[in-house]
Amino acid sequence: MGILTTMKTCWRHRALIGALVTRQLNARYRGSILGFFWTFLNPIFLMLIYALVFRVYMRFDMDHYPAFVFAGLLPWIWFTTSMSEGANSLIANGNLITRAMFPPEILPVVAVIANLMNFVFTIPVLLVVFLISGIPFGWQLAWLPVIVAIQCIFTLALTFLFAALNVPFRDVQHLLTNALTFWFFLCPILYPLERVPDALKPVALGNGMGTLITSYQNIFVHQQGPGIAALFAMLFGSILLLILGDAVFRHYRDTFAEYL
Amino acid sequence: MRSRRRASGDVGARVHPASSPPALEVSHVSKRFRSHRQGSGYSTLKSLFLGKGRKQSAPAQSWHQALTDVSLVVPKGEVGGVIGRNGSGKTTLLKLITGIYRPDEGTIRYEGRLASLIELGAGFHPDFTGRENALINGMVLGMTKREILARMDTIIAYAEIEEFIDEPVRTYSTGMYMRLAFAIAVNVEPDVLLLDEILSVGDEQFARKCAHEIERFRASGTTILIVSHDLEAVKRYCSHVIHLEDGRVRNEGPAVEVVEAYRAQFAE
């Protein structure tokens, strides 16, 4: 099956993936004085802005609202930056694809892993925010690696799909930018799932990211299990999506050099 | 990556008599590209949907035939050459051998590790230091991380940029940039080496370094294919040369004969 070949290729080039991930992490803040601290500062500022707008201006009443927003915002940032960087990764590295023996499938992987690293680095900050808010930690936090792994598969699947489609159809990245904005507001990140009208709950959860976000909120904010049935459905769906995304990628793979 | 190895005993149709089995064999390769002119091949989502909607009236895609029935054999340890005017298909041929493009027809075979220098420093990131770029570029060319780290000092010394190796490459002069890229490439130690037009990019000293490396590679049994406009260099290094014109092999044979015939063509 195609996906196994892709996995083998990625494994064979794991050292190159590692070097490119390091380069991407270093490149982002190179030349800035605060450097790596921007990894923490950016989501904190975003959380404070949302807390100000919704808590103060719109008088949204909810306990621990900033901590709640932060728990959903961090995985969302991982997802959305992986998607926009990944979809653009083949075009951005056209120089490598058209002039060297370079395996294109590692580029979306690099985008997802580099942003996963950023996400992992911000988890201690999340824990500090929870400590300050006085929210206790439950044993349910042990579910975190499982949720992260499923999000990884889900994000890789979509990144493969959009990276490949973006090469012959450059409209894709513009459509994706708008879709991601809409997607963000569809997910219960700024508002709790309970506030969503029952008729729209399938939309809030069924978009994939909604299920993952509520799982993070459950284990961090509510000290509950992540909703195992939904999570396993999500895992199954993500694997199917990865097979599809990989198939599309392989369909266009040999023509990338001609389009770039 | 696609494997193109094969047993060395099976030779197939030989284009010229060779003393040893070919290490690189291109047989009857053709390649065409979608024309990127507006409104023809360049696809947008709109054209995809419109095209699907009315298949009958969709305009025929226009194609550019880049290579037609090109064959070439380089025996192990020898240096082959490709000459021809700009746009004759020389770089396309190298990209097909490298595996960047896939041929529409024909087959390409080689033995062992292939390194392709289509552009010196392909994928260098301007904000990163020479050392960081050497690591990634070396891996792109097929070396392992350990191999590169073991040879890093050799690479730096060869490139003669000791005091700048930890500076970003955007601060490098063109010469430093090329020396670093070339130093990495010659340390790959490939079995088959493809060189596109790098003989004529540097100054006298760089050219001498290239010449020295080509000699060293040839002595160590590396098979080389050179694409160049530098006809004297082609005559000097290559045993067998093909002359491409409009994507077809117009002439082929011993280097001196093919180069002189090519020159005579312009003298007319």
# chains A, B, ... in the order shown; residues from 1 in each chain; ligands from 1

$ residues_around --residues "Val256 in chain B" --least-positions-apart "4" --cutoff "10 Å" --atoms "only C-alpha atoms" --output "MDAnalysis selection string"
chainID B and resid 231:232 234:236 238:241 260:262

$ write_last_selection --atoms "N, CA, C and O atoms" --output "compact mmCIF listing (two decimals), in the first residue's frame"
# COMPACT_ATOMS: atom_id res chain seq x y z
N LEU B 231 33.60 23.91 -24.45
CA LEU B 231 33.93 22.82 -25.37
C LEU B 231 35.34 22.29 -25.15
O LEU B 231 35.59 21.10 -25.32
N GLU B 232 36.24 23.18 -24.77
CA GLU B 232 37.61 22.72 -24.50
C GLU B 232 37.64 21.75 -23.33
O GLU B 232 38.31 20.73 -23.37
N VAL B 234 35.16 19.92 -22.33
CA VAL B 234 34.50 18.67 -22.76
C VAL B 234 35.50 17.79 -23.51
O VAL B 234 35.60 16.59 -23.28
N LYS B 235 36.28 18.44 -24.41
CA LYS B 235 37.28 17.69 -25.17
C LYS B 235 38.33 17.07 -24.24
O LYS B 235 38.80 15.96 -24.45
N ARG B 236 38.67 17.85 -23.21
CA ARG B 236 39.74 17.42 -22.31
C ARG B 236 39.30 16.23 -21.44
O ARG B 236 40.03 15.28 -21.26
N CYS B 238 36.13 14.34 -21.55
CA CYS B 238 35.16 13.32 -21.95
C CYS B 238 35.75 12.37 -22.98
O CYS B 238 36.53 12.77 -23.85
N SER B 239 35.33 11.11 -22.88
CA SER B 239 35.73 10.16 -23.91
C SER B 239 34.66 10.13 -25.00
O SER B 239 34.97 10.13 -26.18
N HIS B 240 33.42 10.15 -24.59
CA HIS B 240 32.32 10.01 -25.54
C HIS B 240 31.33 11.16 -25.32
O HIS B 240 31.03 11.50 -24.19
N VAL B 241 30.87 11.75 -26.41
CA VAL B 241 30.01 12.93 -26.28
C VAL B 241 28.77 12.78 -27.16
O VAL B 241 28.85 12.23 -28.26
N GLU B 260 34.27 19.09 -32.67
CA GLU B 260 34.70 19.80 -33.88
C GLU B 260 33.57 19.92 -34.89
O GLU B 260 33.40 20.95 -35.54
N ALA B 261 32.74 18.88 -35.01
CA ALA B 261 31.60 18.94 -35.91
C ALA B 261 30.60 20.00 -35.46
O ALA B 261 30.02 20.73 -36.26
N TYR B 262 30.44 20.10 -34.13
CA TYR B 262 29.53 21.09 -33.54
C TYR B 262 30.04 22.49 -33.84
O TYR B 262 29.28 23.38 -34.23

$ residues_around --residues "range 63-77 of chain A" --least-positions-apart "4" --cutoff "8 Å" --atoms "only C-alpha atoms" --output "NGL selection string"
:A and (43-44 or 47-48 or 50-51 or 55 or 81 or 119 or 122 or 126 or 129-130 or 133 or 184 or 188-191 or 209 or 213-214 or 216-217 or 220-221)

$ write_last_selection --atoms "N, CA and C atoms" --output "tab-separated table (two decimals), in the first residue's frame"
chain	number	residue	atom	x	y	z
A	43	PRO	N	1.15	32.63	21.87
A	43	PRO	CA	-0.15	32.11	22.32
A	43	PRO	C	-0.66	32.80	23.60
A	44	ILE	N	0.26	33.25	24.46
A	44	ILE	CA	-0.20	33.94	25.68
A	44	ILE	C	-0.90	35.25	25.31
A	47	MET	N	-4.26	34.47	23.88
A	47	MET	CA	-5.20	34.10	24.94
A	47	MET	C	-5.69	35.34	25.67
A	48	LEU	N	-4.77	36.28	25.98
A	48	LEU	CA	-5.15	37.48	26.71
A	48	LEU	C	-6.12	38.33	25.89
A	50	TYR	N	-8.27	37.25	23.55
A	50	TYR	CA	-9.59	36.61	23.56
A	50	TYR	C	-10.27	36.77	24.92
A	51	ALA	N	-9.47	36.63	25.99
A	51	ALA	CA	-10.04	36.77	27.33
A	51	ALA	C	-10.59	38.18	27.53
A	55	ARG	N	-14.42	38.09	27.85
A	55	ARG	CA	-14.70	38.19	29.28
A	55	ARG	C	-15.16	39.58	29.65
A	81	THR	N	-1.01	26.13	12.03
A	81	THR	CA	0.29	26.49	11.45
A	81	THR	C	0.86	25.32	10.64
A	119	PHE	N	4.30	23.00	20.04
A	119	PHE	CA	3.17	22.68	20.91
A	119	PHE	C	3.67	22.05	22.21
A	122	THR	N	5.14	24.44	24.62
A	122	THR	CA	4.22	25.36	25.30
A	122	THR	C	3.39	24.66	26.38
A	126	LEU	N	1.17	26.03	29.68
A	126	LEU	CA	-0.23	25.69	29.93
A	126	LEU	C	-0.41	25.23	31.38
A	129	VAL	N	-0.28	28.16	33.68
A	129	VAL	CA	-1.54	28.92	33.63
A	129	VAL	C	-2.61	28.21	34.49
A	130	PHE	N	-2.64	26.89	34.43
A	130	PHE	CA	-3.62	26.14	35.23
A	130	PHE	C	-3.31	26.24	36.71
A	133	SER	N	-4.48	29.56	37.83
A	133	SER	CA	-5.94	29.62	37.88
A	133	SER	C	-6.50	28.76	39.01
A	184	PHE	N	-11.81	27.49	12.74
A	184	PHE	CA	-11.47	27.90	14.10
A	184	PHE	C	-12.73	28.26	14.90
A	188	PRO	N	-15.25	24.38	19.36
A	188	PRO	CA	-15.51	24.98	20.68
A	188	PRO	C	-14.21	25.33	21.40
A	189	ILE	N	-13.56	26.40	20.90
A	189	ILE	CA	-12.32	26.85	21.53
A	189	ILE	C	-12.59	28.07	22.40
A	190	LEU	N	-13.32	29.05	21.82
A	190	LEU	CA	-13.61	30.29	22.55
A	190	LEU	C	-14.89	30.16	23.38
A	191	TYR	N	-15.68	29.13	23.08
A	191	TYR	CA	-16.93	28.91	23.80
A	191	TYR	C	-17.00	27.43	24.17
A	209	MET	N	-11.36	18.47	14.36
A	209	MET	CA	-10.65	19.25	15.37
A	209	MET	C	-11.51	19.50	16.60
A	213	ILE	N	-10.24	19.02	20.33
A	213	ILE	CA	-10.20	20.17	21.24
A	213	ILE	C	-10.98	19.86	22.52
A	214	THR	N	-12.18	19.28	22.37
A	214	THR	CA	-12.96	18.98	23.58
A	214	THR	C	-12.25	17.90	24.42
A	216	TYR	N	-8.97	17.64	24.76
A	216	TYR	CA	-7.96	18.39	25.53
A	216	TYR	C	-8.62	19.11	26.69
A	217	GLN	N	-9.76	19.77	26.42
A	217	GLN	CA	-10.45	20.51	27.48
A	217	GLN	C	-10.90	19.57	28.59
A	220	PHE	N	-7.75	18.55	30.67
A	220	PHE	CA	-7.09	19.66	31.35
A	220	PHE	C	-8.03	20.41	32.29
A	221	VAL	N	-9.20	20.81	31.76
A	221	VAL	CA	-10.06	21.71	32.50
A	221	VAL	C	-11.01	20.96	33.43

$ closest_atom_pairs --of "chain B" --to "chain A" --cutoff "9 Å" --atoms "only C-alpha atoms" --output "Markdown table"
| residue | atom | partner | partner_atom | distance |
| --- | --- | --- | --- | --- |
| B:Met1 | CA | A:Pro103 | CA | 6.7 |
| B:Phe33 | CA | A:Glu258 | CA | 7.3 |
| B:Arg34 | CA | A:Glu258 | CA | 8.2 |
| B:His36 | CA | A:Tyr259 | CA | 8.7 |
| B:Tyr42 | CA | A:Pro168 | CA | 7.9 |
| B:Ser43 | CA | A:Phe169 | CA | 6.3 |
| B:Thr44 | CA | A:Phe169 | CA | 5.1 |
| B:Leu45 | CA | A:Phe169 | CA | 6.0 |
| B:Lys95 | CA | A:Arg99 | CA | 7.5 |
| B:Thr98 | CA | A:Met101 | CA | 6.3 |
| B:Gly99 | CA | A:Met101 | CA | 6.6 |
| B:Ile100 | CA | A:Met101 | CA | 6.3 |
| B:Tyr101 | CA | A:Ala257 | CA | 6.6 |
| B:Arg102 | CA | A:Asp254 | CA | 6.7 |
| B:Ala115 | CA | A:Met101 | CA | 8.2 |
| B:Ser116 | CA | A:Ala100 | CA | 6.8 |
| B:Leu117 | CA | A:Ala100 | CA | 7.6 |
| B:Ile118 | CA | A:Arg99 | CA | 5.8 |
| B:Glu119 | CA | A:Arg99 | CA | 6.5 |
| B:Ala122 | CA | A:Leu96 | CA | 6.0 |
| B:Gly123 | CA | A:Leu96 | CA | 5.2 |
| B:Asp127 | CA | A:Ala27 | CA | 7.5 |
| B:Phe128 | CA | A:Ala27 | CA | 8.0 |
| B:Glu132 | CA | A:Arg23 | CA | 8.3 |
| B:Leu135 | CA | A:Ala19 | CA | 7.9 |
| B:Ile136 | CA | A:Ala19 | CA | 6.6 |
| B:Met139 | CA | A:Leu16 | CA | 6.2 |
| B:Val140 | CA | A:Phe102 | CA | 6.2 |
| B:Leu141 | CA | A:Met101 | CA | 7.1 |
| B:Gly142 | CA | A:Met101 | CA | 8.3 |
| B:Thr144 | CA | A:Ala15 | CA | 7.7 |
| B:Lys145 | CA | A:Ala15 | CA | 6.7 |

$ residues_around --residues "Glu167 in chain B" --least-positions-apart "4" --cutoff "8 Å" --atoms "only C-alpha atoms" --output "list in words"
Phe128, Thr129, Gly130 and Thr171 of chain B

$ select_by_dssp --residues "range 25-213 of chain B" --states "alpha helix (DSSP H)" --output "NGL selection string"
:B and (45-53 or 90-98 or 130-140 or 145-159 or 174-186 or 204-213)

$ atom_distance --atom1 "CA of Lys90 in chain B" --atom2 "CA of Pro75 in chain B"
19.3 Å

$ decode --residues "range 140-171 of chain A" --atoms "N, CA and C atoms" --output "CSV table (one decimal), in the first residue's frame"
chain,number,residue,atom,x,y,z
A,140,GLN,N,-6.2,12.0,34.5
A,140,GLN,CA,-6.6,12.0,33.1
A,140,GLN,C,-5.6,12.6,32.1
A,141,LEU,N,-4.7,13.4,32.7
A,141,LEU,CA,-3.7,14.0,31.8
A,141,LEU,C,-2.8,12.9,31.1
A,142,ALA,N,-2.9,11.7,31.7
A,142,ALA,CA,-2.2,10.6,31.0
A,142,ALA,C,-2.7,10.3,29.6
A,143,TRP,N,-3.9,10.8,29.3
A,143,TRP,CA,-4.5,10.6,27.9
A,143,TRP,C,-3.8,11.5,26.9
A,144,LEU,N,-3.0,12.5,27.4
A,144,LEU,CA,-2.5,13.5,26.5
A,144,LEU,C,-1.7,12.9,25.3
A,145,PRO,N,-0.8,12.0,25.5
A,145,PRO,CA,0.0,11.5,24.4
A,145,PRO,C,-0.9,10.8,23.3
A,146,VAL,N,-2.0,10.2,23.8
A,146,VAL,CA,-3.0,9.5,22.9
A,146,VAL,C,-3.6,10.6,22.0
A,147,ILE,N,-4.1,11.6,22.6
A,147,ILE,CA,-4.8,12.7,21.9
A,147,ILE,C,-3.8,13.4,20.9
A,148,VAL,N,-2.6,13.6,21.4
A,148,VAL,CA,-1.6,14.2,20.5
A,148,VAL,C,-1.3,13.3,19.3
A,149,ALA,N,-1.2,12.0,19.6
A,149,ALA,CA,-0.9,11.1,18.5
A,149,ALA,C,-2.0,11.1,17.4
A,150,ILE,N,-3.2,11.2,17.9
A,150,ILE,CA,-4.4,11.2,16.9
A,150,ILE,C,-4.4,12.5,16.1
A,151,GLN,N,-4.1,13.6,16.8
A,151,GLN,CA,-4.1,14.9,16.1
A,151,GLN,C,-2.9,14.9,15.1
A,152,CYS,N,-1.9,14.2,15.4
A,152,CYS,CA,-0.7,14.1,14.5
A,152,CYS,C,-1.1,13.4,13.2
A,153,ILE,N,-1.8,12.3,13.3
A,153,ILE,CA,-2.2,11.6,12.1
A,153,ILE,C,-3.2,12.4,11.3
A,154,PHE,N,-4.2,13.0,12.0
A,154,PHE,CA,-5.2,13.8,11.4
A,154,PHE,C,-4.6,15.0,10.6
A,155,THR,N,-3.6,15.7,11.3
A,155,THR,CA,-3.0,16.8,10.6
A,155,THR,C,-2.1,16.4,9.5
A,156,LEU,N,-1.4,15.3,9.6
A,156,LEU,CA,-0.5,14.8,8.5
A,156,LEU,C,-1.4,14.5,7.3
A,157,ALA,N,-2.5,13.8,7.6
A,157,ALA,CA,-3.4,13.4,6.5
A,157,ALA,C,-3.8,14.7,5.6
A,158,LEU,N,-4.3,15.7,6.3
A,158,LEU,CA,-4.7,16.9,5.6
A,158,LEU,C,-3.6,17.7,5.0
A,159,THR,N,-2.4,17.6,5.7
A,159,THR,CA,-1.3,18.4,5.1
A,159,THR,C,-0.8,17.7,3.8
A,160,PHE,N,-0.7,16.4,3.8
A,160,PHE,CA,-0.4,15.7,2.6
A,160,PHE,C,-1.3,16.1,1.4
A,161,LEU,N,-2.6,16.0,1.8
A,161,LEU,CA,-3.6,16.3,0.8
A,161,LEU,C,-3.5,17.7,0.2
A,162,PHE,N,-3.4,18.7,1.1
A,162,PHE,CA,-3.4,20.1,0.6
A,162,PHE,C,-2.0,20.5,0.0
A,163,ALA,N,-0.9,19.9,0.6
A,163,ALA,CA,0.4,20.2,0.0
A,163,ALA,C,0.4,19.8,-1.5
A,164,ALA,N,-0.1,18.6,-1.7
A,164,ALA,CA,-0.1,18.1,-3.1
A,164,ALA,C,-1.0,18.9,-4.0
A,165,LEU,N,-2.3,19.1,-3.6
A,165,LEU,CA,-3.2,19.9,-4.4
A,165,LEU,C,-2.7,21.3,-4.7
A,166,ASN,N,-2.0,21.9,-3.8
A,166,ASN,CA,-1.6,23.2,-3.9
A,166,ASN,C,-0.6,23.5,-5.0
A,167,VAL,N,0.1,22.4,-5.4
A,167,VAL,CA,1.1,22.6,-6.5
A,167,VAL,C,0.5,22.8,-7.8
A,168,PRO,N,-0.4,21.9,-8.3
A,168,PRO,CA,-1.1,22.3,-9.6
A,168,PRO,C,-2.2,23.3,-9.4
A,169,PHE,N,-2.8,23.4,-8.3
A,169,PHE,CA,-3.9,24.4,-8.1
A,169,PHE,C,-3.5,25.4,-7.0
A,170,ARG,N,-3.0,26.5,-7.4
A,170,ARG,CA,-2.5,27.4,-6.4
A,170,ARG,C,-3.6,28.1,-5.7
A,171,ASP,N,-4.8,28.0,-6.1
A,171,ASP,CA,-6.0,28.6,-5.4
A,171,ASP,C,-6.1,27.9,-4.0
